[in-house]
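A.B. asks: File query_27.txt below, compact mmCIF, C-alpha atoms and all ligand atoms:
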# COMPACT_ATOMS: atom_id res chain seq x y z
CA MET A 1 166.04 105.73 50.97
CA ARG A 2 166.45 102.51 49.08
CA ILE A 3 169.38 102.71 46.69
CA ILE A 4 169.08 100.52 43.63
CA THR A 5 172.00 99.60 41.39
CA HIS A 6 172.65 97.29 38.47
CA THR A 7 175.95 95.61 37.67
CA CYS A 8 177.05 95.36 34.04
CA PRO A 9 177.33 91.63 33.27
CA ALA A 10 180.20 92.26 30.86
CA CYS A 11 182.61 94.53 32.77
CA GLY A 12 181.32 94.72 36.34
CA THR A 13 180.67 98.46 36.33
CA ILE A 14 177.91 99.29 38.81
CA VAL A 15 175.26 101.77 37.64
CA ALA A 16 172.73 103.55 39.87
CA ALA A 17 169.05 103.16 38.96
CA ASN A 18 168.63 106.92 38.53
CA GLU A 19 171.23 106.80 35.77
CA LEU A 20 169.53 103.84 34.06
CA GLU A 21 166.12 105.45 34.31
CA ASP A 22 167.37 108.74 32.89
CA ASN A 23 168.52 106.90 29.79
CA ARG A 24 166.26 103.82 29.68
CA VAL A 25 168.68 102.27 27.20
CA MET A 26 172.35 103.17 27.47
CA LYS A 27 175.77 101.98 26.47
CA CYS A 28 177.57 100.77 29.56
CA PRO A 29 179.60 103.71 30.98
CA GLY A 30 182.56 101.36 31.52
CA LEU A 31 185.33 102.48 29.20
CA ASP A 32 185.57 100.23 26.12
CA CYS A 33 182.58 98.14 27.24
CA GLN A 34 180.06 97.57 24.44
CA GLU A 35 177.31 96.18 26.65
CA VAL A 36 173.91 97.88 26.38
CA LEU A 37 172.15 98.38 29.71
CA HIS A 38 168.39 98.78 30.14
CA PHE A 39 166.29 100.07 33.01
CA GLU A 40 164.29 96.86 32.45
CA ASP A 41 167.35 94.84 33.50
CA LEU A 42 166.43 95.71 37.11
CA PRO A 43 164.12 93.34 39.00
CA GLU A 44 160.46 94.31 38.74
CA ASN A 45 160.06 95.27 42.41
CA ALA A 46 163.10 97.52 42.20
CA ARG A 47 161.73 99.24 39.09
CA GLU A 48 158.33 99.73 40.72
CA HIS A 49 159.88 101.14 43.86
CA PHE A 50 162.04 103.47 41.83
CA LEU A 51 159.19 104.77 39.68
CA GLU A 52 156.93 105.30 42.70
CA ASN A 53 159.64 107.39 44.35
CA ARG A 54 161.09 108.85 41.20
CA ASP A 55 161.19 112.46 42.46
CA ARG A 56 163.57 111.59 45.26
CA TYR A 57 166.14 110.22 42.85
CA GLN A 58 166.31 113.48 40.90
CA ILE A 59 168.15 116.60 41.90
CA MET B 1 188.64 96.31 54.20
CA LYS B 2 187.69 97.91 50.89
CA GLY B 3 187.99 101.48 49.64
CA VAL B 4 185.33 103.71 48.14
CA LEU B 5 186.76 106.76 46.44
CA LEU B 6 184.42 109.59 45.53
CA SER B 7 185.20 111.23 42.21
CA GLY B 8 182.00 113.02 41.32
CA GLY B 9 181.04 116.68 41.74
CA THR B 10 180.91 119.53 39.30
CA GLY B 11 184.13 121.29 40.27
CA SER B 12 182.32 124.62 39.92
CA ARG B 13 184.68 126.44 42.29
CA LEU B 14 187.63 125.44 40.12
CA ARG B 15 186.35 126.89 36.86
CA PRO B 16 187.61 127.47 34.24
CA ILE B 17 190.09 124.65 34.95
CA THR B 18 187.21 122.20 35.37
CA HIS B 19 185.39 123.20 32.17
CA THR B 20 187.48 120.57 30.44
CA GLY B 21 187.89 117.88 33.08
CA PRO B 22 187.04 116.68 36.57
CA LYS B 23 188.53 118.46 39.58
CA GLN B 24 190.07 115.23 40.89
CA LEU B 25 192.48 115.19 37.96
CA VAL B 26 193.98 118.64 38.58
CA PRO B 27 197.68 117.99 39.26
CA VAL B 28 199.42 118.81 42.51
CA ALA B 29 203.21 118.56 42.21
CA ASN B 30 202.59 117.13 38.73
CA LYS B 31 200.38 114.29 39.95
CA PRO B 32 196.56 114.20 39.74
CA VAL B 33 194.96 114.71 43.15
CA LEU B 34 193.08 111.41 42.76
CA GLU B 35 196.33 109.41 42.56
CA TYR B 36 197.29 110.55 46.07
CA ALA B 37 194.08 108.97 47.35
CA ILE B 38 194.74 105.68 45.54
CA GLU B 39 198.24 105.60 47.01
CA ASP B 40 196.96 106.37 50.52
CA LEU B 41 194.43 103.54 50.33
CA LYS B 42 197.06 101.15 49.06
CA GLU B 43 199.44 102.17 51.82
CA ALA B 44 196.70 101.29 54.32
CA GLY B 45 196.59 97.80 52.78
CA ILE B 46 193.42 98.43 50.76
CA THR B 47 193.66 97.09 47.22
CA GLU B 48 190.00 96.65 46.26
CA ILE B 49 188.77 100.13 45.44
CA GLY B 50 185.39 101.26 44.14
CA VAL B 51 185.61 104.58 42.31
CA ILE B 52 182.35 106.53 42.33
CA LEU B 53 181.75 108.52 39.15
CA GLY B 54 179.32 111.42 38.90
CA ASN B 55 178.10 113.05 35.73
CA LYS B 56 181.38 114.67 34.85
CA GLY B 57 184.77 113.35 33.77
CA ARG B 58 183.81 109.67 33.72
CA GLU B 59 185.97 108.83 30.71
CA GLU B 60 188.96 110.89 31.86
CA ILE B 61 188.98 109.25 35.28
CA GLN B 62 188.71 105.75 33.80
CA GLU B 63 191.44 106.58 31.28
CA LEU B 64 193.77 107.66 34.08
CA LEU B 65 193.12 104.90 36.59
CA GLY B 66 192.27 102.03 34.22
CA ASP B 67 191.68 98.77 36.05
CA GLY B 68 194.08 99.91 38.77
CA SER B 69 196.85 97.48 37.81
CA LYS B 70 199.42 100.25 37.33
CA TYR B 71 198.92 101.10 41.02
CA GLU B 72 198.72 97.39 41.95
CA VAL B 73 195.12 97.77 43.06
CA ASP B 74 191.85 96.45 41.64
CA ILE B 75 189.35 99.13 40.63
CA THR B 76 185.59 98.76 40.15
CA TYR B 77 183.70 101.75 38.74
CA ILE B 78 180.42 102.77 40.28
CA VAL B 79 178.31 105.29 38.38
CA GLN B 80 176.29 107.39 40.79
CA GLY B 81 175.13 109.88 38.15
CA ASN B 82 173.18 112.66 39.84
CA PRO B 83 174.86 114.07 42.94
CA LEU B 84 172.35 112.77 45.49
CA GLY B 85 174.74 113.05 48.45
CA LEU B 86 177.63 111.20 50.07
CA ALA B 87 175.30 108.65 51.69
CA HIS B 88 173.77 107.93 48.28
CA ALA B 89 177.27 107.44 46.88
CA ALA B 90 178.06 105.03 49.71
CA GLY B 91 174.76 103.22 49.10
CA CYS B 92 175.62 102.80 45.42
CA ALA B 93 178.74 100.93 46.57
CA GLN B 94 176.83 98.33 48.60
CA ASP B 95 177.08 95.52 46.03
CA PHE B 96 180.79 96.25 45.67
CA VAL B 97 181.45 96.37 49.42
CA GLY B 98 179.33 93.35 50.41
CA ASP B 99 179.96 92.33 54.02
CA ASP B 100 183.30 94.11 54.33
CA ASP B 101 184.20 97.28 56.18
CA PHE B 102 185.22 100.13 53.92
CA VAL B 103 187.05 103.43 53.91
CA MET B 104 185.26 106.27 52.19
CA TYR B 105 187.65 108.87 50.84
CA LEU B 106 186.79 112.11 49.06
CA GLY B 107 188.86 112.10 45.90
CA ASP B 108 189.57 115.83 45.91
CA ASN B 109 191.09 115.70 49.40
CA ILE B 110 194.76 115.34 50.06
CA LEU B 111 196.34 114.77 53.44
CA LYS B 112 199.83 114.32 54.72
CA SER B 113 199.32 111.33 56.95
CA GLY B 114 197.15 109.10 54.73
CA VAL B 115 194.41 106.86 56.13
CA THR B 116 196.42 104.09 57.79
CA GLU B 117 195.96 105.41 61.35
CA LEU B 118 192.24 105.98 60.81
CA VAL B 119 191.88 102.36 59.65
CA GLU B 120 194.00 100.94 62.48
CA SER B 121 192.05 102.91 65.07
CA PHE B 122 188.76 101.63 63.64
CA GLU B 123 189.99 98.03 63.53
CA ALA B 124 191.19 98.16 67.16
CA GLY B 125 187.61 98.23 68.43
CA ASP B 126 184.10 97.12 67.54
CA TYR B 127 182.78 100.20 65.83
CA GLY B 128 179.90 100.97 63.49
CA ALA B 129 181.98 103.71 61.88
CA GLY B 130 185.10 105.77 62.30
CA ILE B 131 185.54 109.40 61.33
CA ALA B 132 188.60 111.52 60.72
CA LEU B 133 188.65 114.85 62.54
CA GLN B 134 190.92 117.83 62.48
CA GLU B 135 191.23 120.74 64.88
CA VAL B 136 190.07 123.97 63.25
CA GLU B 137 190.11 127.59 64.36
CA ASN B 138 186.58 128.41 63.20
CA PRO B 139 184.43 125.41 64.21
CA GLN B 140 181.25 127.43 63.54
CA ALA B 141 181.93 126.92 59.83
CA PHE B 142 182.22 123.10 59.91
CA GLY B 143 180.47 119.90 60.81
CA ILE B 144 181.74 119.32 64.35
CA ALA B 145 182.01 116.14 66.45
CA ASP B 146 181.73 115.93 70.20
CA VAL B 147 183.80 113.06 71.62
CA ASP B 148 184.16 111.40 75.04
CA ASP B 149 187.39 110.58 76.90
CA GLN B 150 187.89 107.37 74.89
CA GLY B 151 187.59 109.25 71.61
CA ASN B 152 184.14 107.85 70.91
CA VAL B 153 181.85 110.24 69.09
CA THR B 154 178.83 111.30 71.11
CA GLU B 155 177.26 113.82 68.78
CA LEU B 156 177.63 115.41 65.34
CA ILE B 157 176.55 119.01 64.87
CA GLU B 158 176.49 120.91 61.60
CA LYS B 159 177.94 124.45 61.83
CA PRO B 160 177.13 124.93 65.53
CA ASP B 161 176.67 128.39 67.07
CA GLU B 162 178.25 127.13 70.29
CA PRO B 163 180.64 124.38 69.25
CA PRO B 164 181.38 121.83 72.00
CA THR B 165 184.80 121.10 70.42
CA ASN B 166 186.94 122.45 67.59
CA LEU B 167 187.09 119.01 65.93
CA ALA B 168 185.81 119.26 62.36
CA LEU B 169 184.88 116.31 60.15
CA ILE B 170 187.15 115.99 57.16
CA GLY B 171 186.27 113.85 54.18
CA MET B 172 187.53 110.49 55.46
CA TYR B 173 185.38 107.79 57.02
CA VAL B 174 185.47 104.08 57.81
CA PHE B 175 182.19 102.18 57.86
CA SER B 176 181.00 98.77 58.86
CA PRO B 177 178.30 97.31 56.59
CA ALA B 178 175.77 98.43 59.25
CA VAL B 179 175.83 101.82 57.52
CA PHE B 180 173.82 100.41 54.63
CA ASP B 181 170.80 99.78 56.88
CA ALA B 182 171.15 103.32 58.21
CA ILE B 183 171.25 104.70 54.65
CA ASP B 184 168.19 102.64 53.72
CA ASP B 185 166.23 104.45 56.44
CA LEU B 186 167.47 107.96 55.57
CA GLU B 187 165.36 110.68 54.04
CA PRO B 188 166.85 113.37 51.80
CA SER B 189 167.86 116.53 53.64
CA TRP B 190 166.55 120.03 52.92
CA ARG B 191 169.01 120.25 50.05
CA GLY B 192 167.71 117.03 48.51
CA GLU B 193 170.75 114.93 49.37
CA LEU B 194 171.30 111.85 51.48
CA GLU B 195 173.74 113.16 54.07
CA ILE B 196 176.55 110.96 55.38
CA THR B 197 176.40 112.76 58.73
CA ASP B 198 172.73 111.71 59.04
CA ALA B 199 173.79 108.11 58.42
CA ILE B 200 176.43 108.36 61.17
CA GLN B 201 173.91 109.99 63.49
CA ALA B 202 171.53 107.09 62.82
CA LEU B 203 174.28 104.60 63.73
CA LEU B 204 174.81 106.51 67.00
CA GLU B 205 171.10 106.36 67.76
CA ASP B 206 171.19 102.60 67.10
CA ASP B 207 173.87 102.34 69.83
CA TYR B 208 176.80 101.67 67.56
CA GLU B 209 180.06 103.09 68.82
CA ILE B 210 181.66 105.61 66.47
CA ASP B 211 185.42 105.92 66.58
CA SER B 212 187.21 109.18 65.95
CA HIS B 213 190.74 109.81 64.78
CA VAL B 214 192.28 113.26 64.97
CA VAL B 215 194.48 113.96 61.96
CA THR B 216 197.46 116.07 62.96
CA GLY B 217 199.33 116.62 59.69
CA TRP B 218 198.00 118.97 57.04
CA TRP B 219 194.80 118.24 55.17
CA LYS B 220 193.54 120.07 52.10
CA ASP B 221 190.25 120.02 50.24
CA THR B 222 191.38 121.07 46.76
CA GLY B 223 188.09 122.63 45.72
CA LYS B 224 189.36 126.12 44.86
CA PRO B 225 192.36 127.49 42.93
CA GLU B 226 194.04 128.81 46.08
CA ASP B 227 193.65 125.33 47.64
CA ILE B 228 195.46 123.78 44.68
CA LEU B 229 198.34 126.22 45.18
CA GLU B 230 198.41 125.52 48.91
CA ALA B 231 198.31 121.73 48.37
CA ASN B 232 201.08 122.08 45.78
CA ARG B 233 203.17 123.98 48.30
CA LEU B 234 202.56 121.41 51.07
CA VAL B 235 203.31 118.43 48.83
CA LEU B 236 206.47 119.98 47.34
CA GLU B 237 207.64 120.74 50.86
CA ASP B 238 207.16 117.13 51.96
CA THR B 239 207.97 115.04 48.89
CA GLU B 240 211.28 113.69 47.80
CA LEU B 241 212.18 115.33 44.48
CA ASN B 242 214.47 113.63 42.02
CA THR B 243 216.52 115.48 39.41
CA ALA B 244 216.63 113.02 36.50
CA GLY B 245 216.68 115.50 33.62
CA VAL B 246 219.43 117.69 32.22
CA VAL B 247 220.69 120.78 34.01
CA GLU B 248 223.00 122.52 31.54
CA ASP B 249 226.24 124.19 32.53
CA GLY B 250 225.48 127.81 33.19
CA ALA B 251 222.03 127.08 34.63
CA GLU B 252 221.74 128.18 38.25
CA THR B 253 219.81 125.80 40.49
CA ASN B 254 219.42 125.46 44.20
CA GLY B 255 217.02 123.84 46.62
CA ARG B 256 215.21 120.61 45.80
CA ILE B 257 214.22 120.24 42.16
CA GLY B 258 212.11 117.46 40.68
CA LEU B 259 213.11 117.28 37.01
CA ALA B 260 211.70 114.54 34.76
CA ASP B 261 214.34 112.74 32.71
CA SER B 262 213.21 114.33 29.44
CA ALA B 263 213.06 117.86 30.90
CA VAL B 264 215.86 120.40 30.50
CA ILE B 265 217.00 123.46 32.42
CA LYS B 266 219.05 125.46 29.91
CA ASP B 267 222.12 127.61 30.29
CA GLY B 268 221.07 131.00 31.66
CA ALA B 269 217.94 129.79 33.50
CA VAL B 270 217.54 130.05 37.28
CA VAL B 271 215.49 127.52 39.28
CA ARG B 272 215.08 127.67 43.05
CA GLY B 273 213.30 124.70 44.66
CA PRO B 274 211.22 123.17 45.81
CA VAL B 275 210.04 122.93 42.23
CA SER B 276 208.65 120.13 40.08
CA ILE B 277 209.16 120.10 36.29
CA ALA B 278 207.49 117.36 34.23
CA GLU B 279 208.40 115.48 31.05
CA ASN B 280 209.46 117.21 27.83
CA THR B 281 209.47 120.64 29.39
CA THR B 282 212.25 123.09 28.60
CA VAL B 283 213.25 125.98 30.83
CA LYS B 284 215.15 128.41 28.61
CA SER B 285 217.63 131.16 29.26
CA GLY B 286 216.38 134.22 31.14
CA THR B 287 213.68 132.22 32.96
CA TYR B 288 213.37 132.23 36.74
CA ILE B 289 211.31 129.52 38.44
CA GLY B 290 210.91 130.20 42.14
CA PRO B 291 209.90 128.02 45.08
CA TYR B 292 206.62 126.08 45.26
CA THR B 293 206.07 125.93 41.52
CA SER B 294 205.05 122.93 39.44
CA ILE B 295 205.39 123.03 35.66
CA GLY B 296 203.51 120.32 33.77
CA ALA B 297 204.65 118.33 30.75
CA ASN B 298 205.35 119.51 27.20
CA SER B 299 205.85 123.15 28.08
CA THR B 300 208.39 125.82 27.21
CA LEU B 301 209.31 128.70 29.49
CA GLU B 302 211.45 131.57 28.29
CA GLY B 303 212.13 134.91 29.94
CA ILE B 304 209.33 134.59 32.49
CA HIS B 305 209.71 134.86 36.27
CA ILE B 306 207.27 132.48 37.91
CA GLU B 307 206.84 131.36 41.50
CA ASN B 308 204.31 129.74 43.84
CA SER B 309 202.30 128.65 40.81
CA VAL B 310 200.95 125.58 39.04
CA VAL B 311 201.19 125.24 35.25
CA ILE B 312 199.15 122.17 34.31
CA GLY B 313 200.98 121.51 31.03
CA ASP B 314 201.25 121.93 27.23
CA SER B 315 201.96 125.64 27.71
CA GLU B 316 204.23 128.16 26.04
CA ILE B 317 205.14 130.87 28.53
CA THR B 318 207.47 133.33 26.92
CA ALA B 319 206.44 136.75 28.21
CA ASN B 320 208.98 138.95 29.91
CA GLY B 321 207.09 139.45 33.17
CA ARG B 322 206.39 138.02 36.61
CA ILE B 323 203.74 135.44 37.41
CA VAL B 324 203.00 134.65 41.07
CA ASP B 325 200.30 132.67 42.92
CA SER B 326 198.77 131.52 39.64
CA LEU B 327 197.08 128.45 38.22
CA LEU B 328 197.37 128.03 34.44
CA GLY B 329 195.22 125.47 32.68
CA ARG B 330 196.34 123.04 30.01
CA LYS B 331 197.44 124.63 26.73
CA ALA B 332 197.29 128.12 28.22
CA ASN B 333 199.93 130.29 26.53
CA VAL B 334 201.41 133.52 27.81
CA GLU B 335 203.40 135.48 25.26
CA SER B 336 204.88 138.94 25.18
CA ALA B 337 202.89 141.91 23.87
CA GLU B 338 206.07 143.89 23.24
CA ASN B 339 206.38 145.24 19.70
CA HIS B 340 202.62 145.00 19.26
CA LEU B 341 200.79 148.26 18.61
CA PRO B 342 198.67 149.73 20.04
CA GLU B 343 200.33 148.99 23.34
CA GLY B 344 198.33 146.86 25.75
CA ARG B 345 197.56 143.40 26.99
CA ARG B 346 195.90 141.00 24.61
CA LEU B 347 193.70 138.38 26.17
CA VAL B 348 191.61 135.46 25.05
CA VAL B 349 190.04 134.49 28.33
CA GLY B 350 187.59 131.65 28.94
CA GLU B 351 184.43 131.71 31.00
CA ASN B 352 184.98 132.05 34.76
CA SER B 353 188.63 133.01 34.37
CA GLN B 354 190.13 135.36 36.93
CA LEU B 355 192.90 137.78 36.05
CA LYS B 356 194.69 140.32 38.22
CA LEU B 357 196.69 142.62 35.95
ZN ZN A 401 180.06 97.19 31.07
Would you mind writing the file out in structure tokens?
Ligand SMILES: [Zn+2]

C.D. replies:
Amino acid sequence: MRIITHTCPACGTIVAANELEDNRVMKCPGLDCQEVLHFEDLPENAREHFLENRDRYQI
Amino acid sequence: MKGVLLSGGTGSRLRPITHTGPKQLVPVANKPVLEYAIEDLKEAGITEIGVILGNKGREEIQELLGDGSKYEVDITYIVQGNPLGLAHAAGCAQDFVGDDDFVMYLGDNILKSGVTELVESFEAGDYGAGIALQEVENPQAFGIADVDDQGNVTELIEKPDEPPTNLALIGMYVFSPAVFDAIDDLEPSWRGELEITDAIQALLEDDYEIDSHVVTGWWKDTGKPEDILEANRLVLEDTELNTAGVVEDGAETNGRIGLADSAVIKDGAVVRGPVSIAENTTVKSGTYIGPYTSIGANSTLEGIHIENSVVIGDSEITANGRIVDSLLGRKANVESAENHLPEGRRLVVGENSQLKL
């Protein structure tokens, strides 16, 4: 299963795509980091792959 | 070599303690379980550590560990979110790990011997992965490894009816970056998780050699209250304890006692080690603290007899009774019901609490 992550450009915290997709727009979970992360920050092919296989990234 | 430390999970077996925080921060001998893992990794020469966060306790874990500088390590946080399995957690760490090998360590595990030997054994050969094993008496209840004469793993079997060995997998692994290709090809198991044992099995099938290292000292998964007590006992038994605080004249102490410099054992109290007492805690007259007990910070004990127990901290324990084999959460108070009518115990007990009266 392809695992997709995104790295916060401000603090370096790595966030799994399932977390980004759950929220779509979220404050970076890094403590004291004000960066706003978007599911759209992921490359298009990664987003497409994720959405096509969305069920497998849920629990 | 990098480190990947897993700090997710719901901690459901440790409720109610984990209603208010992650299980990896429950203290053993007055130190959060997770700090033992950081120290073990550092001792093995690993200073770049990725900490995997689940859905619970993200802020608390980051507040404790910070950027790692207080442990002289460098921490990167990796938010896994949903608990999609250990192999998913490892996969989330791929950008952090890059082309390095890495140790994967379950943050609620605590073991006497650390991970240095596991790492050295892995580095002595050309392995796809290395796994830590421990001999168990009931191999039917564990994931079991079969190994050849050289200690190379030949097969992994989950809870076998006829176990080929009594060597159970414990939560410590070393991986080469080859594991990421194996994870890429994995499918979720029947329980909807990407299983790390499936990833190791895939490496075996791709003809990678898998090293094994049998851990001989104690190992504890601190998932349940009785495990916390047991880990506390094992750590107190093994750790050097330093009496920095005040022991007043007229206090009776013997055995090894860890006493923080702002903690006090008052005249008329009795403490028998091994015991650990944290900052700003006062043990007043008439109190008995018996072996294998840890009392957290900012607490007062008066008149109670307590042994083989863990008090997390910020507690007032002033009842005139005996507490044994107990785990008391933060800000839990135990007072006397004497002079209260009608006679009886008075409880305010949270969800999932367990009392034996
Ligand atoms: Zn950030």

A.B. asks: Hey, which residues sit close to ligand ZN 401 (chain A)? Say within 6 Å, counting all atoms listed in the file, and write them as a VMD selection string.

C.D. replies: chain A and resid 8 10 to 13 28 30 33 35

A.B. asks: At a cut-off of 8 Å, can you tabulate as a tab-separated table every residue of chain A near chain B together with its closest atom pair and the distance in Å to one decimal, using only C-alpha atoms and ordering rows by chain then number?

C.D. replies:
residue	atom	partner	partner_atom	distance
A:Met1	CA	B:Asp184	CA	4.7
A:Arg2	CA	B:Asp184	CA	5.0
A:Ile3	CA	B:Gly91	CA	5.9
A:Ile4	CA	B:Cys92	CA	7.2
A:Thr5	CA	B:Cys92	CA	6.3
A:Gly12	CA	B:Thr76	CA	7.0
A:Thr13	CA	B:Tyr77	CA	5.1
A:Ile14	CA	B:Ile78	CA	4.5
A:Val15	CA	B:Val79	CA	4.7
A:Ala16	CA	B:Gln80	CA	5.3
A:Asn18	CA	B:Gly81	CA	7.2
A:Glu19	CA	B:Gly81	CA	5.5
A:Pro29	CA	B:Val79	CA	7.7
A:Gly30	CA	B:Tyr77	CA	7.3
A:Leu31	CA	B:Glu59	CA	6.6
A:Arg56	CA	B:Pro188	CA	7.5
A:Tyr57	CA	B:Leu84	CA	7.2
A:Gln58	CA	B:Asn82	CA	7.0
A:Ile59	CA	B:Gly192	CA	6.6

A.B. asks: Which residues, written as a PyMOL selection string, have at least one atom at most 7 Å from Phe39 in chain A, with all atoms listed in the file counted and residues fewer than 3 positions away on the same chain left out?

C.D. replies: chain A and resi 20-21+24-25+42

A.B. asks: Find the residues near range 123-140 of chain B: any atom within 8 Å, counting all atoms listed in the file, skip ones fewer than 2 places away on the same chain, and give them as a PyMOL selection string.

C.D. replies: chain B and resi 118-121+142-145+159-163+165-179+200+203+208-216

A.B. asks: Could you list, as a list in words, every residue within 10 Å of Gln201 in chain B, counting all atoms listed in the file and ignoring same-chain residues fewer than 2 positions away?

C.D. replies: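 Surrounding residues, per the criterion: Val153, Thr154, Glu155, Leu156, Ile157, Ala182, Glu195, Ile196, Thr197, Asp198, Ala199, Leu203, Leu204, Glu205, Asp206, Asp207, Tyr208 and Ile210 of chain B.
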
A.B. asks: Store the residues picked out above in a file with C-alpha atoms, as a PDB file, in the coordinates of the input.

C.D. replies:
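Writing the result to again01.pdb gives the following:
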ATOM      1  CA  VAL B 153     181.850 110.240  69.090  1.00  0.00           C
ATOM      2  CA  THR B 154     178.830 111.300  71.110  1.00  0.00           C
ATOM      3  CA  GLU B 155     177.260 113.820  68.780  1.00  0.00           C
ATOM      4  CA  LEU B 156     177.630 115.410  65.340  1.00  0.00           C
ATOM      5  CA  ILE B 157     176.550 119.010  64.870  1.00  0.00           C
ATOM      6  CA  ALA B 182     171.150 103.320  58.210  1.00  0.00           C
ATOM      7  CA  GLU B 195     173.740 113.160  54.070  1.00  0.00           C
ATOM      8  CA  ILE B 196     176.550 110.960  55.380  1.00  0.00           C
ATOM      9  CA  THR B 197     176.400 112.760  58.730  1.00  0.00           C
ATOM     10  CA  ASP B 198     172.730 111.710  59.040  1.00  0.00           C
ATOM     11  CA  ALA B 199     173.790 108.110  58.420  1.00  0.00           C
ATOM     12  CA  LEU B 203     174.280 104.600  63.730  1.00  0.00           C
ATOM     13  CA  LEU B 204     174.810 106.510  67.000  1.00  0.00           C
ATOM     14  CA  GLU B 205     171.100 106.360  67.760  1.00  0.00           C
ATOM     15  CA  ASP B 206     171.190 102.600  67.100  1.00  0.00           C
ATOM     16  CA  ASP B 207     173.870 102.340  69.830  1.00  0.00           C
ATOM     17  CA  TYR B 208     176.800 101.670  67.560  1.00  0.00           C
ATOM     18  CA  ILE B 210     181.660 105.610  66.470  1.00  0.00           C
TER      19      ILE B 210
END

A.B. asks: If you measure from CA of Lys112 in chain B to CA of Gly273 in chain B, what distance in Å do you get, rounded to one decimal?

C.D. replies: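 The value is 19.8 Å.
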
A.B. asks: Measuring atom to atom with only C-alpha atoms, identify which of B:Leu14, B:Ile304, B:Leu229, B:Ala141 is nearest to Asn320 in chain B.

C.D. replies: B:Ile304

A.B. asks: May I have the residues within 6 Å of Tyr288 in chain B as a VMD selection string, using only C-alpha atoms and disregarding those fewer than 3 positions away in the same chain?

C.D. replies: chain B and resid 270 to 271 305

A.B. asks: What's around Gly21 in chain B at 9 Å? Count all atoms listed in the file, leave out sequence neighbours fewer than 3 positions away in its own chain, and write the answer as JSON, numbers by chain.

C.D. replies: {"B": [11, 17, 18, 24, 25, 26, 56, 57, 60, 61]}

A.B. asks: Which value, in Å to one decimal, gives the distance between CA of Asp55 in chain A and CA of Pro22 in chain B?

C.D. replies: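 Interatomic distance here is 26.8 Å.
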
A.B. asks: Take CA of Gly45 in chain B and CA of Arg233 in chain B and report the distance between them in Å, one decimal.

C.D. replies: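 The value is 27.4 Å.
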
A.B. asks: Would you please work out which residue, of B:Ala29, B:Leu355, B:Ala37, B:Leu301, is nearest to Asn333 in chain B when using only C-alpha atoms?

C.D. replies: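 Between B:Ala29, B:Leu355, B:Ala37, B:Leu301, the residue approaching Asn333 in chain B most closely is B:Leu301.
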
A.B. asks: Pick the closest to Glu72 in chain B from B:His19, B:Arg272, B:Lys266, B:Lys42: which is it, counting all atoms listed in the file?

C.D. replies: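 Ranked by minimum distance to Glu72 in chain B, first place goes to B:Lys42.
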